[in-house]
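To keep things clear, I will list the structure first and then write my remarks on it.
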Amino acid sequence: MGKAAALCGGGTRGLVSLLSAVPCLACHELPAMSAEPGGRGGGGPAGGPPAAPPGSDTYKGWLFKWTNYLKGYQRRWFVLSNGLLSYYRTQAEMAHTCRGTINLSTAHIDTEDSCNIVLSNGGRTYHLKANSEVERQRWVTALELAKAKAIRMRNNQSDDSGDEEPASQSDKSELHGPLKTLSSKLEDLSTCNELIAKHGAALQRSLSELENLRLPADSGEKIKAVNERATLFRITSNAMINACRDFLDLAESHSRKWQRLLQHEREQRIRLEETIEQLAKQHNSLERACRGAPGLASGSASISSTAKAGSVQSAKGEASDEDEETEYFDAMEDAPAFITVTADPKHHRRSGSNLSGASEGHPEDWNLEDSVFESSNQSSYNESMGKDLLPRKRRRTRIPDKPNYSLNLWSIMKNCIGKELSKIPMPVNFNEPLSMLQRLTEDLEYHELLDKAVKCESSTEQMCFVAAFSVSSYSTTVHRTAKPFNPLLGETYELDRLEELGFRSLCEQVSHHPPAAAHHVYSRRGWTLWQEITIASKFRGKYLSIMPLGAIHLEFHSSGNHYVWRKVTSTVHNIIVGKLWIDQSGEIEIVNHKSKDKCQLKFTPYSYFSRDVPRKVTGVVSDADGKAHYVMSGTWDEKMECSKIVHSSHGSTSTEGKQKTVYQTLSPKVLWRKYPLPENAENMYFFSELALTLNEPEERVAPTDSRLRPDQRLMESGRWDEANVEKQRLEEKQRAVRRRREAEAVEALEEGKDYEGYIPLWFERKVDAVTGELICVYKGGYWEAKDKQDWSACPDIF
């Protein structure tokens with residue numbers, strides 16, 4: 001008993017030393033927690049260099065941010081958290097007003113000198129300055145670490161995740177310590193429970209033996225054994241009670257802390273929602289007041305052309321309550337790598353022998369090529385090219401006007417930040433009555449550019465028309481801010497204009513997650529186009545990025561020239577507040593894999609400060625040896641011109657140390673000009689003449705054709721409420737089919753059989769011989785099935 005008493009006095013540690021079975025219940029302590037996860041502010045007079053606890057990507061401090069040329073650098077409070085860098089005028093603004101945010105997962109971090117930091121993400125650039133080089137280096141280190149963590153978080157995000165944005169690293173570190181301690185306490189309780197069961201069973205056996213005793217001499221030893229067992233049982237019970245008490249105390253103290261943190265986050269979110277909704281209401285009121293103001297129409301006539309050029313950006317600026325926070329960019333940042341100078345044709349006729357080898361002949365040849373490059377008289381061209389074609393069928397020129405439904409966009413989009421757009425359940429109020437397959441087919445609106453390219457004898461001339469065609473596909477997007485319908489798996493769309501325009505097109509949705517569409521076009525005028533496009537999109541709060549993935553292939557039958565290019569990134573701005581507007585940015589490289597000719601096109605992102613025309617596109621066509629032959633210039637929403645190069649030389653060195661090339665060219669020729677929109681287009685979703693006909697009902701099409709999709713047809717008719725109900729039905733039907741396929745795959749796996757999954761009906765996957773990529777190509781059979789009207793192989797998707 002003395003030994004047992006000593007165990008009681010030693011507490012849990014004595015029990016552990018005796019039994020070697022109970023882990024230490026008293027030595028678990030909470031890790032030290034920082035009182036301020038973000039560290040104290042720094043970067044300015046407000047208080048020393050910034051600091052952050054180890055393992056946290058939350059970072060706060062003062063930096064100087066470039067605003068504009070009038071006010072220069074202004075002192076701002078920056079907060080780095082969860083892969084996002086946000087800034088405020090003061091620390092007090094953190095509770096209600098964020099002046100701007102940049103996502104580090106897709107941002108580029110650069111340093112200009114000892115104190116400057118440059119952050120760029122698409123069309124957004126922050127020029128920042130720290131007080132010292134040491135402080136700059138601390139910020140750069142924190143930014144790089146946060147960027148790496150944000151990239152890992154984005155890559156690890158589940159494909160079908162419906163959760164909110166991931167918690168910040170500081171929140172994770174704050175919760176990790178207590179949770180680890182609670183887990184160890186729970187393990188202690190489990191161990192004590194096992195010991196109670198073990199010693200309880202031993203006590204029962206000792207009592208049984210005591211009852212069966214006959215000799216009094218044995219009774220003393222047995223009773224002593226029973227007492228020791230009882231003592232051990234009591235010690236174990238006491239240890240468990242102490243562990244339970246520690247567990248409860250710890251849970252109560254931290255539960256109160258977690259409740260306070262949760263309540264604070266809820267209040268912050270409610271304030272943010274109220275602020276943004278109030279801004280949206282004020283903006284809507286201003287728009288209604290502006291539309292109803294008398295004399296507005298007469299006043300608009302006096303707007304100068306300079307003001308008109310900046311009208312898009314001025315609408316963007318209306319969403320900000322701080323003029324000095326408007327993002328400005330130096331015009332030299334995106335300056336072209338070449339300068340074009342128009343030459344005097346008469347002078348070059350006299351001195352043609354002195355021309356640079358970059359041109360393909362004498363400049364007077366430029367005038368002889370008008371039969372190919374002249375594109376103004378389209379009717380005469382169609383007459384010469386299509387004598388064997390039937391006259392155009394009369395098609396519809398209008399659709400029902402778009403209803404004026406009001407909808408709170410923020411109430412739907414606030415929970416969608418950072419998610420894939422194709423996984424967000426959206427009402428038809430944000431759609432246009434066309435599917436993505438029809439939008440893909442709409443790229444063929446200026447197919448006559450390819451018909452003209454067939455006639456070109458020179459591959460570099462042909463490249464000019466191909467480049468103009470690649471730019472023309474964006475002309476319909478300038479006003480088209482609505483979202484097309486996501487096609488259902490197996491949905492198709494045909495555009496048969498073989499007898500009228502010489503081509504026929506077929507699209508099929510070949511994958512649902514990720515959404516991918518295969519497209520094949522055959523023209524009897526001498527070309528074939530095919531592509532498989534996957535749309536990747538991300539909603540980032542203020543803007544929506546749409547990134548088409550996949551290569552576009554174009555082959556000319558007679559010459560065998562095979563062109564390949566990819567699309568640029570589209571960005572929809574002012575998602576929450578302000579007027580929606582679309583910009584295209586990036587570069588397109590068109591390669592002729594037969595002749596090795598190349599065309600580099602640059603889509604300049606819109607900049608309020610730049611003196612360039614909005615939506616500018618520039619490029620150079622060069623041969624396999626790298627010699628430039630043509631300069632391409634224009635805008636993606638209006639026209640593209642081509643200028644023949646007669647001389648090239650090296651110009652002055654730019655501020656970035658790059659030497660510019662000066663091209664002396666002949667007068668430009670217009671290759672492509674946008675068709676005017678139909679009358680009343682603003683009430684018909686800004687559809688072009690071709691777009692108005694894409695959803696026109698036709699006979700003999702496949703039962704999976706987009707024209708037969710019921711929710712899309714109801715929306716076009718203006719019955720949006722019914723369309724929303726029908727859209728939900730179709731999506732649920734598709735989910736049921738997907739679940740059935742997943743169950744079949746699991747069953748096949750259990751039986752050791754192969755499961756092929758979904759197989760497209762009209763396309764098949766093959767490795768492309770040119771790019772080496774796995775791509776869906778047309779395998780044939782659709783038009784034959786249409787002639788026979790045999791659609792028995794088509795799935796029931798509607």
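Each chain in the structure tokens gets a letter, A, B, ..., in the order shown, and its residues are numbered from 1; ligands are numbered from 1 in order too.
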
Just want the 6 Å neighbourhood of range 124-135 of chain A, counted on only C-alpha atoms, with same-chain residues fewer than 3 positions away dropped. Output as a ChimeraX atom specification. /A:63-66,114-121,138

Residues near Arg99 in chain A, anyone? I mean within 8 Å using only C-alpha atoms, not counting same-chain ones fewer than 5 positions away, as JSON, numbers by chain. {"A": [86, 87, 88, 89, 325]}

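The protein and nucleic acid residues lying at most 6 Å from range 472-476 of chain A are A:Asp443, A:Trp636, A:Asp637, with only C-alpha atoms considered and sequence neighbours fewer than 5 positions away removed.
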
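In terms of minimum interatomic distance to Gln531 in chain A, A:Tyr563 ranks closest within A:Tyr563, A:Phe798, A:Tyr543, A:Tyr675, counting only C-alpha atoms.
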
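If you look at CA of Glu461 in chain A and CA of Tyr663 in chain A, they are 17.2 Å away from each other.
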
Using only C-alpha atoms, find the one residue out of A:Tyr630, A:Phe430, A:Trp139, A:Phe247 that sits nearest to Phe465 in chain A. A:Tyr630

May I have the residues within 10 Å of Val613 in chain A as a ChimeraX atom specification, using only C-alpha atoms and disregarding those fewer than 2 positions away in the same chain? /A:309-310,604,606-607,610-611,615-617,634-635

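Every protein, DNA or RNA residue with an atom at most 9 Å from Gly200 in chain A, where only C-alpha atoms count and chain neighbours fewer than 3 positions away do not, is listed here: Leu195, Ile196, Ala197, Leu203, Gln204, Arg205, Arg229, Ala230 and Phe233 of chain A.
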
Output C-alpha atoms for every residue in that selection, as a JSON list (two decimals), in the first residue's frame.
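Okay, out-v5.json is ready:
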```json
[["chain", "number", "residue", "atom", "x", "y", "z"],
["A", 195, "LEU", "CA", -6.33, 0.48, -18.69],
["A", 196, "ILE", "CA", -9.62, 0.70, -16.80],
["A", 197, "ALA", "CA", -10.95, -2.24, -18.78],
["A", 203, "LEU", "CA", -10.09, -7.10, -10.19],
["A", 204, "GLN", "CA", -13.02, -9.29, -11.15],
["A", 205, "ARG", "CA", -10.75, -12.32, -11.40],
["A", 229, "ARG", "CA", -5.76, -4.15, -7.89],
["A", 230, "ALA", "CA", -8.31, -1.82, -6.42],
["A", 233, "PHE", "CA", -7.94, 0.86, -10.61]]
```

For range 422-503 of chain A versus range 762-786 of chain A, which residues have an atom no more than 12 Å away, and what is each residue's nearest atom pair and distance in Å rounded to one decimal, using only C-alpha atoms, chain-then-number order, as CSV?
```
residue,atom,partner,partner_atom,distance
A:Gly490,CA,A:Trp762,CA,9.4
A:Glu491,CA,A:Trp762,CA,10.8
A:Thr492,CA,A:Trp762,CA,9.2
A:Tyr493,CA,A:Tyr782,CA,11.0
A:Glu494,CA,A:Tyr782,CA,9.5
A:Leu495,CA,A:Trp783,CA,11.2
A:Asp496,CA,A:Trp783,CA,9.5
A:Leu498,CA,A:Trp783,CA,11.5
```

Selection file, N, CA, C and O atoms, as a PDB file, in the first residue's frame:
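Output saved as again31.pdb:
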```
ATOM      1  N   GLY A 490     -21.967  15.368 -75.349  1.00  0.00           N
ATOM      2  CA  GLY A 490     -22.578  14.742 -76.519  1.00  0.00           C
ATOM      3  C   GLY A 490     -23.383  15.699 -77.375  1.00  0.00           C
ATOM      4  O   GLY A 490     -23.869  15.315 -78.447  1.00  0.00           O
ATOM      5  N   GLU A 491     -23.537  16.943 -76.932  1.00  0.00           N
ATOM      6  CA  GLU A 491     -24.272  17.940 -77.722  1.00  0.00           C
ATOM      7  C   GLU A 491     -23.482  18.268 -78.984  1.00  0.00           C
ATOM      8  O   GLU A 491     -22.248  18.310 -78.987  1.00  0.00           O
ATOM      9  N   THR A 492     -24.183  18.513 -80.072  1.00  0.00           N
ATOM     10  CA  THR A 492     -23.541  18.816 -81.360  1.00  0.00           C
ATOM     11  C   THR A 492     -24.126  20.094 -81.940  1.00  0.00           C
ATOM     12  O   THR A 492     -25.179  20.582 -81.490  1.00  0.00           O
ATOM     13  N   TYR A 493     -23.421  20.625 -82.941  1.00  0.00           N
ATOM     14  CA  TYR A 493     -23.973  21.750 -83.709  1.00  0.00           C
ATOM     15  C   TYR A 493     -23.385  21.704 -85.115  1.00  0.00           C
ATOM     16  O   TYR A 493     -22.166  21.624 -85.292  1.00  0.00           O
ATOM     17  N   GLU A 494     -24.262  21.722 -86.079  1.00  0.00           N
ATOM     18  CA  GLU A 494     -23.834  21.738 -87.473  1.00  0.00           C
ATOM     19  C   GLU A 494     -24.209  23.064 -88.120  1.00  0.00           C
ATOM     20  O   GLU A 494     -25.209  23.698 -87.770  1.00  0.00           O
ATOM     21  N   LEU A 495     -23.375  23.508 -89.044  1.00  0.00           N
ATOM     22  CA  LEU A 495     -23.687  24.668 -89.883  1.00  0.00           C
ATOM     23  C   LEU A 495     -23.369  24.266 -91.317  1.00  0.00           C
ATOM     24  O   LEU A 495     -22.209  24.284 -91.737  1.00  0.00           O
ATOM     25  N   ASP A 496     -24.391  23.879 -92.026  1.00  0.00           N
ATOM     26  CA  ASP A 496     -24.221  23.378 -93.393  1.00  0.00           C
ATOM     27  C   ASP A 496     -24.489  24.508 -94.381  1.00  0.00           C
ATOM     28  O   ASP A 496     -25.631  24.847 -94.664  1.00  0.00           O
ATOM     29  N   LEU A 498     -22.726  24.445 -97.405  1.00  0.00           N
ATOM     30  CA  LEU A 498     -21.949  23.927 -98.522  1.00  0.00           C
ATOM     31  C   LEU A 498     -22.470  24.442 -99.856  1.00  0.00           C
ATOM     32  O   LEU A 498     -21.692  24.802-100.744  1.00  0.00           O
TER      33      LEU A 498
END
```

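Compared by their closest atoms to Ile399 in chain A, and using only C-alpha atoms, the residues A:Leu84, A:Val510, A:Leu692, A:Met94 rank with A:Leu692 nearest.
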
When you look at range 723-737 of chain A with a cut-off of 12 Å (counting only C-alpha atoms), what residues show up, excluding the ones that are within fewer than 6 positions of it in the same chain? I need them as an mmCIF file with N, CA, C and O atoms, in the first residue's frame.
```
data_model
loop_
_atom_site.group_PDB
_atom_site.id
_atom_site.type_symbol
_atom_site.label_atom_id
_atom_site.label_comp_id
_atom_site.auth_asym_id
_atom_site.auth_seq_id
_atom_site.Cartn_x
_atom_site.Cartn_y
_atom_site.Cartn_z
ATOM 1 N N SER A 422 -17.150 27.023 -65.156
ATOM 2 C CA SER A 422 -18.047 25.978 -65.656
ATOM 3 C C SER A 422 -18.701 25.185 -64.535
ATOM 4 O O SER A 422 -19.627 24.424 -64.783
ATOM 5 N N LYS A 423 -18.238 25.333 -63.273
ATOM 6 C CA LYS A 423 -18.823 24.600 -62.158
ATOM 7 C C LYS A 423 -19.772 25.464 -61.338
ATOM 8 O O LYS A 423 -20.249 25.035 -60.298
ATOM 9 N N ILE A 424 -20.016 26.703 -61.766
ATOM 10 C CA ILE A 424 -20.902 27.595 -61.027
ATOM 11 C C ILE A 424 -22.308 27.488 -61.615
ATOM 12 O O ILE A 424 -22.489 27.722 -62.818
ATOM 13 N N PRO A 425 -23.321 27.129 -60.820
ATOM 14 C CA PRO A 425 -24.683 27.073 -61.359
ATOM 15 C C PRO A 425 -25.206 28.488 -61.582
ATOM 16 O O PRO A 425 -25.481 29.220 -60.640
ATOM 17 N N MET A 426 -25.342 28.874 -62.847
ATOM 18 C CA MET A 426 -25.725 30.241 -63.193
ATOM 19 C C MET A 426 -27.108 30.237 -63.833
ATOM 20 O O MET A 426 -27.417 29.381 -64.667
ATOM 21 N N PRO A 427 -27.944 31.196 -63.476
ATOM 22 C CA PRO A 427 -29.231 31.323 -64.168
ATOM 23 C C PRO A 427 -29.024 31.845 -65.586
ATOM 24 O O PRO A 427 -27.965 32.394 -65.910
ATOM 25 N N VAL A 428 -30.045 31.680 -66.423
ATOM 26 C CA VAL A 428 -29.915 32.106 -67.814
ATOM 27 C C VAL A 428 -29.856 33.622 -67.927
ATOM 28 O O VAL A 428 -29.572 34.139 -69.014
ATOM 29 N N ASN A 429 -30.111 34.341 -66.838
ATOM 30 C CA ASN A 429 -30.066 35.802 -66.890
ATOM 31 C C ASN A 429 -28.706 36.314 -67.308
ATOM 32 O O ASN A 429 -28.581 37.433 -67.807
ATOM 33 N N PHE A 430 -27.654 35.532 -67.100
ATOM 34 C CA PHE A 430 -26.308 35.945 -67.482
ATOM 35 C C PHE A 430 -25.886 35.349 -68.814
ATOM 36 O O PHE A 430 -24.744 35.522 -69.227
ATOM 37 N N ASN A 431 -26.767 34.626 -69.473
ATOM 38 C CA ASN A 431 -26.420 33.953 -70.726
ATOM 39 C C ASN A 431 -26.918 34.747 -71.918
ATOM 40 O O ASN A 431 -27.683 35.690 -71.802
ATOM 41 N N GLU A 432 -26.460 34.308 -73.074
ATOM 42 C CA GLU A 432 -27.057 34.696 -74.344
ATOM 43 C C GLU A 432 -27.607 33.420 -74.981
ATOM 44 O O GLU A 432 -27.112 32.324 -74.698
ATOM 45 N N PRO A 433 -28.644 33.531 -75.813
ATOM 46 C CA PRO A 433 -29.287 32.316 -76.341
ATOM 47 C C PRO A 433 -28.478 31.613 -77.427
ATOM 48 O O PRO A 433 -28.968 31.349 -78.527
ATOM 49 N N PHE A 485 -24.236 29.292 -73.323
ATOM 50 C CA PHE A 485 -24.623 28.085 -72.597
ATOM 51 C C PHE A 485 -23.482 27.068 -72.638
ATOM 52 O O PHE A 485 -22.845 26.876 -73.680
ATOM 53 N N ASN A 486 -23.233 26.423 -71.484
ATOM 54 C CA ASN A 486 -22.287 25.308 -71.471
ATOM 55 C C ASN A 486 -22.932 24.107 -72.163
ATOM 56 O O ASN A 486 -23.985 23.649 -71.735
ATOM 57 N N PRO A 487 -22.322 23.584 -73.216
ATOM 58 C CA PRO A 487 -22.938 22.446 -73.909
ATOM 59 C C PRO A 487 -22.999 21.215 -73.024
ATOM 60 O O PRO A 487 -22.134 20.989 -72.167
ATOM 61 N N LEU A 488 -24.025 20.415 -73.224
ATOM 62 C CA LEU A 488 -24.120 19.123 -72.556
ATOM 63 C C LEU A 488 -23.181 18.130 -73.231
ATOM 64 O O LEU A 488 -22.853 18.271 -74.417
ATOM 65 N N LEU A 489 -22.745 17.129 -72.486
ATOM 66 C CA LEU A 489 -21.854 16.121 -73.050
ATOM 67 C C LEU A 489 -22.567 15.386 -74.179
ATOM 68 O O LEU A 489 -23.667 14.855 -73.991
ATOM 69 N N GLY A 490 -21.967 15.368 -75.349
ATOM 70 C CA GLY A 490 -22.578 14.742 -76.519
ATOM 71 C C GLY A 490 -23.383 15.699 -77.375
ATOM 72 O O GLY A 490 -23.869 15.315 -78.447
ATOM 73 N N GLU A 491 -23.537 16.943 -76.932
ATOM 74 C CA GLU A 491 -24.272 17.940 -77.722
ATOM 75 C C GLU A 491 -23.482 18.268 -78.984
ATOM 76 O O GLU A 491 -22.248 18.310 -78.987
ATOM 77 N N HIS A 512 -16.882 16.881 -70.538
ATOM 78 C CA HIS A 512 -17.647 17.792 -69.682
ATOM 79 C C HIS A 512 -16.780 18.421 -68.603
ATOM 80 O O HIS A 512 -16.903 19.599 -68.300
ATOM 81 N N HIS A 513 -15.909 17.636 -67.965
ATOM 82 C CA HIS A 513 -14.965 18.156 -66.975
ATOM 83 C C HIS A 513 -13.586 17.624 -67.305
ATOM 84 O O HIS A 513 -13.309 16.457 -67.076
ATOM 85 N N ARG A 709 -32.066 22.432 -78.089
ATOM 86 C CA ARG A 709 -31.933 22.504 -76.639
ATOM 87 C C ARG A 709 -33.074 23.354 -76.077
ATOM 88 O O ARG A 709 -33.200 24.546 -76.392
ATOM 89 N N PRO A 710 -33.910 22.799 -75.192
ATOM 90 C CA PRO A 710 -35.142 23.495 -74.801
ATOM 91 C C PRO A 710 -34.907 24.745 -73.955
ATOM 92 O O PRO A 710 -35.604 25.750 -74.150
ATOM 93 N N ASP A 711 -33.955 24.714 -73.009
ATOM 94 C CA ASP A 711 -33.761 25.908 -72.179
ATOM 95 C C ASP A 711 -33.222 27.078 -72.995
ATOM 96 O O ASP A 711 -33.599 28.234 -72.783
ATOM 97 N N GLN A 712 -32.390 26.786 -73.963
ATOM 98 C CA GLN A 712 -31.852 27.831 -74.834
ATOM 99 C C GLN A 712 -32.944 28.423 -75.711
ATOM 100 O O GLN A 712 -33.003 29.643 -75.924
ATOM 101 N N ARG A 713 -33.847 27.561 -76.203
ATOM 102 C CA ARG A 713 -34.953 28.037 -77.038
ATOM 103 C C ARG A 713 -35.919 28.886 -76.222
ATOM 104 O O ARG A 713 -36.413 29.926 -76.703
ATOM 105 N N LEU A 714 -36.202 28.469 -74.971
ATOM 106 C CA LEU A 714 -37.092 29.257 -74.109
ATOM 107 C C LEU A 714 -36.488 30.618 -73.795
ATOM 108 O O LEU A 714 -37.192 31.630 -73.761
ATOM 109 N N MET A 715 -35.186 30.661 -73.578
ATOM 110 C CA MET A 715 -34.551 31.943 -73.296
ATOM 111 C C MET A 715 -34.630 32.863 -74.500
ATOM 112 O O MET A 715 -34.892 34.059 -74.366
ATOM 113 N N GLU A 716 -34.377 32.331 -75.690
ATOM 114 C CA GLU A 716 -34.455 33.158 -76.897
ATOM 115 C C GLU A 716 -35.848 33.730 -77.072
ATOM 116 O O GLU A 716 -36.015 34.870 -77.538
ATOM 117 N N SER A 717 -36.873 32.985 -76.650
ATOM 118 C CA SER A 717 -38.254 33.454 -76.763
ATOM 119 C C SER A 717 -38.622 34.456 -75.675
ATOM 120 O O SER A 717 -39.746 34.972 -75.679
ATOM 121 N N ALA A 743 -20.426 4.714 -61.548
ATOM 122 C CA ALA A 743 -20.745 3.429 -60.923
ATOM 123 C C ALA A 743 -20.312 2.277 -61.822
ATOM 124 O O ALA A 743 -19.788 1.252 -61.345
ATOM 125 N N GLU A 744 -20.519 2.413 -63.128
ATOM 126 C CA GLU A 744 -20.085 1.376 -64.060
ATOM 127 C C GLU A 744 -18.568 1.228 -64.041
ATOM 128 O O GLU A 744 -18.042 0.109 -64.146
ATOM 129 N N GLY A 757 -15.071 4.516 -70.618
ATOM 130 C CA GLY A 757 -15.659 5.815 -70.325
ATOM 131 C C GLY A 757 -16.428 6.362 -71.516
ATOM 132 O O GLY A 757 -16.797 5.625 -72.444
ATOM 133 N N TYR A 758 -16.644 7.673 -71.518
ATOM 134 C CA TYR A 758 -17.426 8.275 -72.602
ATOM 135 C C TYR A 758 -16.585 8.341 -73.878
ATOM 136 O O TYR A 758 -15.424 8.765 -73.862
ATOM 137 N N PRO A 795 -27.164 9.915 -78.505
ATOM 138 C CA PRO A 795 -27.695 9.748 -77.146
ATOM 139 C C PRO A 795 -28.874 10.681 -76.897
ATOM 140 O O PRO A 795 -29.071 11.677 -77.597
ATOM 141 N N ASP A 796 -29.659 10.350 -75.883
ATOM 142 C CA ASP A 796 -30.794 11.183 -75.485
ATOM 143 C C ASP A 796 -30.307 12.145 -74.399
ATOM 144 O O ASP A 796 -30.201 11.780 -73.232
ATOM 145 N N ILE A 797 -29.983 13.370 -74.781
ATOM 146 C CA ILE A 797 -29.426 14.328 -73.824
ATOM 147 C C ILE A 797 -30.414 15.438 -73.466
ATOM 148 O O ILE A 797 -30.237 16.118 -72.459
ATOM 149 N N PHE A 798 -31.423 15.647 -74.283
ATOM 150 C CA PHE A 798 -32.400 16.715 -74.001
ATOM 151 C C PHE A 798 -33.673 16.164 -73.360
ATOM 152 O O PHE A 798 -34.425 16.875 -72.750
#
```

A:Ile109, A:Ala243, A:Ala691, A:Leu749 ranked by distance to Arg439 in chain A, top pick (using only C-alpha atoms): A:Ala691

Pairwise distance, CA of Pro614 in chain A with CA of Phe686 in chain A, equals 19.6 Å
